[in-house]
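The structure appears right after this line, and notes come after that.
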Amino acid sequence: MSLPDLLRRGSPQDCRPVPRFLLTRPQWGALAEDLAREDSTDLLGLWADPGMVHAALWAEGAPHLVSCPAPDGRYPALSPARPGAVRLERMIHDLWGHVAEGAVDLRPWLDHGRWPSIAPLSTRPGPAPYPVPQPVFLAVEGEGVHQIPVGPVHAGIIEPGHFRFHVQGETVARLEERLGYLHKGHIGLMLGKPVRVAAKFGARLSGDSTVAHAWAFSMAVEQALEVQPSPRAAALRGVMAELERLHNHLNDWGFVCNDAAFAFPHARAGALREAVLRACAAAFGHRLMMDRVVPGGVTDDLTPAGAAAILAALEVVEAAIPALVSIYEGHASLQDRVVGTGIVAPALVARFAAGGHVGRASGRGFDARAAAPYAPYDTVPPVVPVLTQGDVDARVRIRIAELGEAIRLVRALLAALPEGELQRALPQRAGEGIGMVEGFRGDCLHWVALDDGGLVRAAFPRDPSWLQWPLLEAAIEGNIVADFPLCNKSFNCSYSGVDL
Amino acid sequence: MQPLKRMLWPQLARGLFGKPVTDPAPLVPDGVVQALRDRLEESAQARLGRSLSIRQVDCGSCNGCELEINALQNVVYDLERFGLRFVASPRHADVLLVTGPLTRNMQEALLRTRDCTPEPCFIVAAGDCAVDGGVFRGSYAVLGGIGEAVPVDLVIPGCPPTPAQLLEGLLALLEAQVPAKPRQAGAG
Ligand code: SF4
């Protein structure tokens with residue numbers, strides 16, 4: 001049975017812009033079997049609430065939401081059909097206690113045994129284990145295989161996480177990530193809050209993507225309440241999101257060069273990024289533009305001198321890019337480190353439905369701005385670069401192409417900034433919605449359900465990194481340990497975004 | 001070498017004659033310096049001198065604080081000109097610069113990092129989260145500020161603190177290394 005046929009058998013629940021189909025458990029099981037047979041449907045997300053498990057799928061150019069009741073705390077696993085579900089199922093077990101039957105991996109993920117209780121978001125959280133359990137890593141066998149444990153505290157100024165390398169000589173036989181160190185209880189903190197308060201947690205899921213996540217959360221709320229932000233608010237959101245893309249891509253490009261011992265591009269990119277951040281501060285009152293995007297619109301208008309500050313910064317960045325590109329391309333020792341390093345096969349990217357530069361460097365051209373257009377990108381559509389090599393170089397080149405696109409989009413948006421109010425009032429009522437916004441890493445997907453008083457009843461923010469982190473493990477396999485920093489920076493997955 | 005030369009020389013030449021890319025140093029409030037100085041034994045002042053090695057530890061940050069701490073190393077802020085530098089190991093550090101609301105999952109890692117850091121050791125809580133948990137205060141998963149696990153010497157609030165604010169705090173630490181001497185009226 002095809003996916004649309006299967007969905008039509010479920011009972012549609014009120015959710016916008018697409019209904020959420022409530023399936024019975026056998027129907028969900030049939031969905032799992034269906035997914036195993038075909039590969040045209042992408043699994044974008046999997047999450048839960050105390051009584052149910054929800055999935056977001058992408059098929060035939062549109063999102064689909066489905067749910068499976070789990071009254072006894074069990075549901076049929078999707079991980080045998082979609083590897084991207086593995087960590088999501090582990091996360092669901094740790095937060096809500098629901099067990100995925102037939103799952104590929106049932107080890108804990110976010111729960112390190114240090115919370116006051118297990119399944120903290122379930123209706124009946126249980127007592128925490130004692131003593132704290134030791135993590136179990138997948139084994140590697142072979143002559144001379146040894147382990148290198150790295151983290152959670154890393155040598156650089158980056159987020160904490162543990163990497164367990166199994167190495168044979170210099171070659172990585174297997175990398176296994178262990179994350180969860182940053183688990184702050186985002187979802188628990190959002191529950192029962194008015195949407196304006198909950199938006200603060202959306203904006204702090206991953207600080208480098210604060211605009212994209214705040215926007216995706218706001219979009220979900222606006223969908224739920226059937227509120228359309230004004231054209232001016234939409235355009236300002238677009239300006240902020242593109243500036244965010246710009247400063248992050250500059251940062252990561254510089255760091256990739258630095259990890260190949262090329263300090264000059266790193267220094268230059270750092271200075272250019274600083275110019276962008278200062279323009280953001282001048283235009284929006286905050287360097288990272290945190291808390292500027294809120295449900296209903298934006299908090300602040302562009303300052304009177306803001307547009308000029310942004311345009312001046314764009315000019316500086318644009319003028320510097322050709323020289324940086326020619327350094328990047330013109331040095332054999334740099335190219336030697338990035339070309340052919342950390343390859344992710346297009347088939348693997350497709351199976352995981354990885355978005356952003358990770359997907360687009362390996363042939364998956366998905367970009368939320370083009371796939372599910374939202375204002376203001378319906379009037380200024382982005383050109384989406386796609387490559388197929390899948391190596392560090394391809395991921396860098398996607399980012400370079402997106403730098404130019406971001407500059408073009410900001411200029412276009414500023415040139416035709418519509419008039420209109422900044423915020424629209426939100427009704428206080430029940431509703432359910434999803435929002436998907438393309439951040440610099442990829443598609444940020446937020447789902448929110450509001451109760452009759454307009455307070456958050458359930459929510460899930462799905463950072464794009466959920467579907468990219470596992471591919472980093474694949475990218476480094478067979479490479480040398482010394483190339484790990486390069487691979488890691490070319491991905492730059494979020495730790496905080498997936499640790500929730 | 002030829003293309004590199006072609007590209008770098010005009011830039012270097014412009015740099016030599018243009019204005020410096022680095023920003024001037026921020027002013028450091030006297031009160032903060034005195035309070036820090038009071039916490040530091042004289043022997044420590046002699047040992048550390050006017051230089052500090054910093055180890056950053058993320059204890060649950062959203063990464064916003066890390067972005068701004070990283071910016072301290074760019075050419076505009078150029079932290080090293082003040083004798084401040086980031087080091088890769090806590091064993092080389094005089095300062096632990098800690099961010100985040102201190103998640104329960106990071107508590108042991110922070111305590112172990114502290115154990116690895118030689119005395120004297122300053123602990124700086126950077127960002128609203130590190131000060132008291134910030135917006136994450138009250139969650140089952142966080143302790144609510146770095147001070148819940150280790151004694152904090154200096155707080156740098158902000159969400160995130162700007163590089164200028166971070167620099168101001170770190171410079172106060174440096175100033176505190178210098179033994180207090182009677183100042184002329186109007187100085188500093
Ligand atoms: S203080 Fe703000 S920027 Fe820093 S970690 Fe906390 S939420 Fe993020």
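We name chains A, B, ... following the order of the structure tokens; residues begin at 1 in each chain, and ligands are numbered from 1 as shown.
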
| request: Apply DSSP to the backbone of this structure and, from range 99-338 of chain A, keep only the residues in alpha helix (DSSP H); write these as a ChimeraX atom specification. | output: /A:186-190,195-202,210-225,231-259,263-284,306-330,332-338

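For ligand 1, the neighbouring protein, DNA and RNA residues, which are those within 8 Å when only C-alpha atoms and all ligand atoms are counted, are Arg204, Ser206 and Gly207 of chain A; Gly60, Ser61, Cys62, Asn63, Gly64, Cys65, Glu66, Thr99, Gly100, Pro101, Ala126, Gly127, Asp128, Cys129, Ala130, Gly133, Gly134, Val135, Pro157, Gly158, Cys159, Pro160 and Pro161 of chain B.
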
Find the residues in chain A near chain B: any atom within 9 Å counts, using only C-alpha atoms. Write them as a tab-separated table (two decimals) with N, CA, C and O atoms, in the first residue's frame.
chain	number	residue	atom	x	y	z
A	110	LEU	N	20.21	9.98	25.56
A	110	LEU	CA	20.37	11.22	26.32
A	110	LEU	C	20.54	10.95	27.81
A	110	LEU	O	21.16	11.74	28.53
A	111	ASP	N	19.95	9.86	28.28
A	111	ASP	CA	19.96	9.56	29.71
A	111	ASP	C	21.27	8.87	30.08
A	111	ASP	O	21.50	7.72	29.73
A	112	HIS	N	22.13	9.59	30.80
A	112	HIS	CA	23.41	9.02	31.24
A	112	HIS	C	23.29	8.43	32.65
A	112	HIS	O	24.30	8.10	33.27
A	113	GLY	N	22.07	8.38	33.16
A	113	GLY	CA	21.88	7.84	34.50
A	113	GLY	C	22.11	8.86	35.59
A	113	GLY	O	22.32	8.51	36.75
A	114	ARG	N	22.05	10.13	35.24
A	114	ARG	CA	22.37	11.17	36.23
A	114	ARG	C	21.20	12.09	36.54
A	114	ARG	O	21.34	13.04	37.30
A	115	TRP	N	20.07	11.86	35.90
A	115	TRP	CA	18.90	12.67	36.21
A	115	TRP	C	18.24	12.13	37.47
A	115	TRP	O	18.44	10.97	37.84
A	116	PRO	N	17.39	12.94	38.12
A	116	PRO	CA	16.74	12.45	39.34
A	116	PRO	C	15.81	11.28	39.05
A	116	PRO	O	15.52	10.48	39.95
A	117	SER	N	15.31	11.17	37.81
A	117	SER	CA	14.40	10.06	37.51
A	117	SER	C	14.62	9.62	36.06
A	117	SER	O	15.24	10.34	35.28
A	120	PRO	N	11.75	11.34	32.28
A	120	PRO	CA	11.25	12.54	32.98
A	120	PRO	C	10.01	13.17	32.34
A	120	PRO	O	9.29	13.88	33.03
A	152	PRO	N	34.22	14.04	27.07
A	152	PRO	CA	33.39	15.14	26.56
A	152	PRO	C	34.08	16.52	26.48
A	152	PRO	O	33.68	17.33	25.67
A	153	VAL	N	35.10	16.79	27.33
A	153	VAL	CA	35.74	18.10	27.25
A	153	VAL	C	36.79	18.01	26.15
A	153	VAL	O	37.70	17.20	26.21
A	154	HIS	N	36.63	18.85	25.12
A	154	HIS	CA	37.54	18.80	23.98
A	154	HIS	C	38.67	19.81	24.12
A	154	HIS	O	38.63	20.68	24.98
A	155	ALA	N	39.64	19.70	23.23
A	155	ALA	CA	40.80	20.59	23.31
A	155	ALA	C	40.46	22.01	22.89
A	155	ALA	O	41.00	22.97	23.40
A	156	GLY	N	39.54	22.18	21.97
A	156	GLY	CA	39.21	23.51	21.48
A	156	GLY	C	38.02	24.09	22.21
A	156	GLY	O	37.53	23.52	23.19
A	157	ILE	N	37.57	25.25	21.74
A	157	ILE	CA	36.40	25.88	22.35
A	157	ILE	C	35.18	25.41	21.57
A	157	ILE	O	34.66	26.11	20.71
A	158	ILE	N	34.77	24.19	21.83
A	158	ILE	CA	33.59	23.65	21.16
A	158	ILE	C	32.74	22.93	22.18
A	158	ILE	O	33.12	22.77	23.33
A	159	GLU	N	31.59	22.47	21.72
A	159	GLU	CA	30.63	21.87	22.64
A	159	GLU	C	31.12	20.48	23.09
A	159	GLU	O	31.92	19.85	22.41
A	160	PRO	N	30.62	20.01	24.23
A	160	PRO	CA	31.09	18.71	24.73
A	160	PRO	C	30.36	17.52	24.13
A	160	PRO	O	29.16	17.57	23.87
A	180	GLY	N	24.62	13.87	24.43
A	180	GLY	CA	23.67	13.97	25.54
A	180	GLY	C	24.19	14.79	26.70
A	180	GLY	O	23.45	15.11	27.62
A	181	TYR	N	25.48	15.17	26.67
A	181	TYR	CA	26.07	15.90	27.80
A	181	TYR	C	25.41	17.25	28.03
A	181	TYR	O	25.45	17.80	29.12
A	182	LEU	N	24.82	17.81	26.94
A	182	LEU	CA	24.23	19.15	27.05
A	182	LEU	C	22.74	19.08	27.32
A	182	LEU	O	22.06	20.11	27.22
A	183	HIS	N	22.20	17.92	27.65
A	183	HIS	CA	20.76	17.83	27.84
A	183	HIS	C	20.30	18.76	28.97
A	183	HIS	O	20.67	18.58	30.12
A	184	LYS	N	19.50	19.75	28.58
A	184	LYS	CA	19.04	20.77	29.53
A	184	LYS	C	17.57	20.61	29.86
A	184	LYS	O	17.04	21.35	30.67
A	185	GLY	N	16.89	19.70	29.19
A	185	GLY	CA	15.46	19.52	29.45
A	185	GLY	C	14.61	20.56	28.74
A	185	GLY	O	13.61	21.02	29.26
A	186	HIS	N	15.01	20.91	27.49
A	186	HIS	CA	14.30	21.90	26.69
A	186	HIS	C	12.80	21.68	26.64
A	186	HIS	O	12.01	22.58	26.90
A	188	GLY	N	10.76	19.77	28.41
A	188	GLY	CA	10.09	19.89	29.70
A	188	GLY	C	9.88	21.34	30.10
A	188	GLY	O	8.84	21.71	30.65
A	189	LEU	N	10.86	22.19	29.79
A	189	LEU	CA	10.75	23.61	30.15
A	189	LEU	C	9.71	24.34	29.31
A	189	LEU	O	9.12	25.33	29.74
A	200	LYS	N	11.63	31.45	23.82
A	200	LYS	CA	12.99	31.67	24.33
A	200	LYS	C	13.79	30.37	24.29
A	200	LYS	O	15.01	30.38	24.11
A	201	PHE	N	13.10	29.24	24.50
A	201	PHE	CA	13.81	27.96	24.46
A	201	PHE	C	14.08	27.55	23.02
A	201	PHE	O	15.11	26.95	22.73
A	204	ARG	N	17.11	29.16	22.01
A	204	ARG	CA	18.33	28.71	22.69
A	204	ARG	C	18.56	27.21	22.52
A	204	ARG	O	19.25	26.60	23.33
A	205	LEU	N	17.98	26.64	21.49
A	205	LEU	CA	18.23	25.22	21.23
A	205	LEU	C	19.67	25.07	20.73
A	205	LEU	O	20.39	24.17	21.14
A	206	SER	N	20.07	25.97	19.85
A	206	SER	CA	21.43	25.96	19.32
A	206	SER	C	21.76	27.41	18.96
A	206	SER	O	21.22	27.94	18.00
A	207	GLY	N	22.62	28.02	19.75
A	207	GLY	CA	22.85	29.48	19.65
A	207	GLY	C	23.27	29.94	18.28
A	207	GLY	O	22.92	31.05	17.86
A	208	ASP	N	24.01	29.10	17.55
A	208	ASP	CA	24.46	29.53	16.22
A	208	ASP	C	23.29	29.56	15.24
A	208	ASP	O	23.38	30.19	14.20
A	209	SER	N	22.20	28.85	15.56
A	209	SER	CA	21.03	28.83	14.69
A	209	SER	C	19.84	29.46	15.39
A	209	SER	O	18.69	29.04	15.16
A	210	THR	N	20.09	30.44	16.23
A	210	THR	CA	19.01	30.99	17.05
A	210	THR	C	17.91	31.58	16.19
A	210	THR	O	16.72	31.40	16.50
A	266	HIS	N	41.64	31.60	7.86
A	266	HIS	CA	40.93	31.57	9.14
A	266	HIS	C	40.88	32.97	9.76
A	266	HIS	O	39.81	33.43	10.19
A	267	ALA	N	42.02	33.64	9.75
A	267	ALA	CA	42.08	34.99	10.32
A	267	ALA	C	41.18	35.94	9.53
A	267	ALA	O	40.44	36.75	10.10
A	268	ARG	N	41.25	35.82	8.22
A	268	ARG	CA	40.48	36.72	7.36
A	268	ARG	C	38.97	36.45	7.53
A	268	ARG	O	38.18	37.38	7.66
A	269	ALA	N	38.61	35.17	7.51
A	269	ALA	CA	37.19	34.82	7.65
A	269	ALA	C	36.68	35.28	9.01
A	269	ALA	O	35.53	35.74	9.14
A	270	GLY	N	37.53	35.19	10.03
A	270	GLY	CA	37.14	35.62	11.37
A	270	GLY	C	36.85	37.12	11.40
A	270	GLY	O	35.88	37.57	12.03
A	271	ALA	N	37.69	37.89	10.72
A	271	ALA	CA	37.49	39.34	10.69
A	271	ALA	C	36.22	39.69	9.91
A	271	ALA	O	35.45	40.57	10.31
A	273	ARG	N	33.60	37.77	9.52
A	273	ARG	CA	32.46	37.35	10.34
A	273	ARG	C	32.18	38.40	11.41
A	273	ARG	O	31.02	38.73	11.69
A	274	GLU	N	33.25	38.92	11.99
A	274	GLU	CA	33.07	39.96	13.01
A	274	GLU	C	32.36	41.17	12.41
A	274	GLU	O	31.49	41.77	13.04
A	287	ARG	N	24.14	40.79	18.51
A	287	ARG	CA	25.07	40.25	17.52
A	287	ARG	C	24.56	38.96	16.88
A	287	ARG	O	24.74	38.75	15.67
A	288	LEU	N	23.96	38.08	17.68
A	288	LEU	CA	23.46	36.83	17.12
A	288	LEU	C	21.97	36.92	16.77
A	288	LEU	O	21.38	35.96	16.30
A	290	MET	N	19.43	37.12	18.75
A	290	MET	CA	18.67	36.22	19.61
A	290	MET	C	17.38	36.89	20.07
A	290	MET	O	17.37	38.08	20.36
A	323	ALA	N	39.49	36.45	-3.23
A	323	ALA	CA	40.86	36.20	-2.78
A	323	ALA	C	40.92	34.95	-1.91
A	323	ALA	O	41.84	34.13	-2.02
A	326	SER	N	40.62	31.89	-4.05
A	326	SER	CA	41.82	31.54	-4.82
A	326	SER	C	42.91	30.98	-3.91
A	326	SER	O	43.68	30.12	-4.33
A	327	ILE	N	42.95	31.41	-2.66
A	327	ILE	CA	43.88	30.76	-1.72
A	327	ILE	C	43.44	29.33	-1.47
A	327	ILE	O	44.24	28.39	-1.49
A	330	GLY	N	44.07	27.39	-4.68
A	330	GLY	CA	45.38	27.48	-5.32
A	330	GLY	C	46.52	26.82	-4.57
A	330	GLY	O	47.67	26.94	-4.98
A	331	HIS	N	46.23	26.18	-3.45
A	331	HIS	CA	47.32	25.59	-2.68
A	331	HIS	C	47.16	24.09	-2.57
A	331	HIS	O	46.22	23.59	-1.94
A	494	SER	N	25.40	20.28	15.36
A	494	SER	CA	25.11	20.90	16.65
A	494	SER	C	25.04	19.83	17.72
A	494	SER	O	24.41	18.79	17.54
A	495	TYR	N	25.70	20.09	18.84
A	495	TYR	CA	25.58	19.19	20.00
A	495	TYR	C	24.34	19.59	20.80
A	495	TYR	O	23.48	18.78	21.13
A	496	SER	N	24.25	20.89	21.11
A	496	SER	CA	23.14	21.35	21.94
A	496	SER	C	21.80	21.08	21.26
A	496	SER	O	20.82	20.73	21.92
A	497	GLY	N	21.77	21.23	19.93
A	497	GLY	CA	20.52	21.08	19.19
A	497	GLY	C	19.92	19.68	19.30
A	497	GLY	O	18.71	19.52	19.31

| task | Would you mind listing what lies within 9 Å of Pro149 in chain A as a PyMOL selection string, with only C-alpha atoms counted and same-chain residues fewer than 6 positions away left out? | result | chain A and resi 162-166

Can those selected residues be exported to a file as a short mmCIF file (atom, residue, chain, number, x, y, z; two decimals), in the first residue's frame so that it contains N, CA, C and O atoms?
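again03.cif was written with the following content:
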data_model
loop_
_atom_site.label_atom_id
_atom_site.label_comp_id
_atom_site.auth_asym_id
_atom_site.auth_seq_id
_atom_site.Cartn_x
_atom_site.Cartn_y
_atom_site.Cartn_z
N HIS A 162 31.35 12.93 23.45
CA HIS A 162 32.40 11.91 23.52
C HIS A 162 32.52 11.19 22.18
O HIS A 162 31.51 10.80 21.59
N PHE A 163 33.75 11.08 21.70
CA PHE A 163 34.00 10.33 20.47
C PHE A 163 34.85 9.12 20.83
O PHE A 163 35.92 9.26 21.41
N ARG A 164 34.36 7.94 20.48
CA ARG A 164 35.14 6.73 20.73
C ARG A 164 35.63 6.20 19.39
O ARG A 164 34.85 5.74 18.56
N PHE A 165 36.96 6.33 19.18
CA PHE A 165 37.55 5.83 17.93
C PHE A 165 38.10 4.43 18.17
O PHE A 165 38.77 4.19 19.17
N HIS A 166 37.80 3.55 17.24
CA HIS A 166 38.53 2.29 17.17
C HIS A 166 39.48 2.42 15.99
O HIS A 166 39.04 2.69 14.87
#

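With CA of Leu46 in chain A on one side and CA of Ala139 in chain A on the other, the separation reads 27.3 Å.
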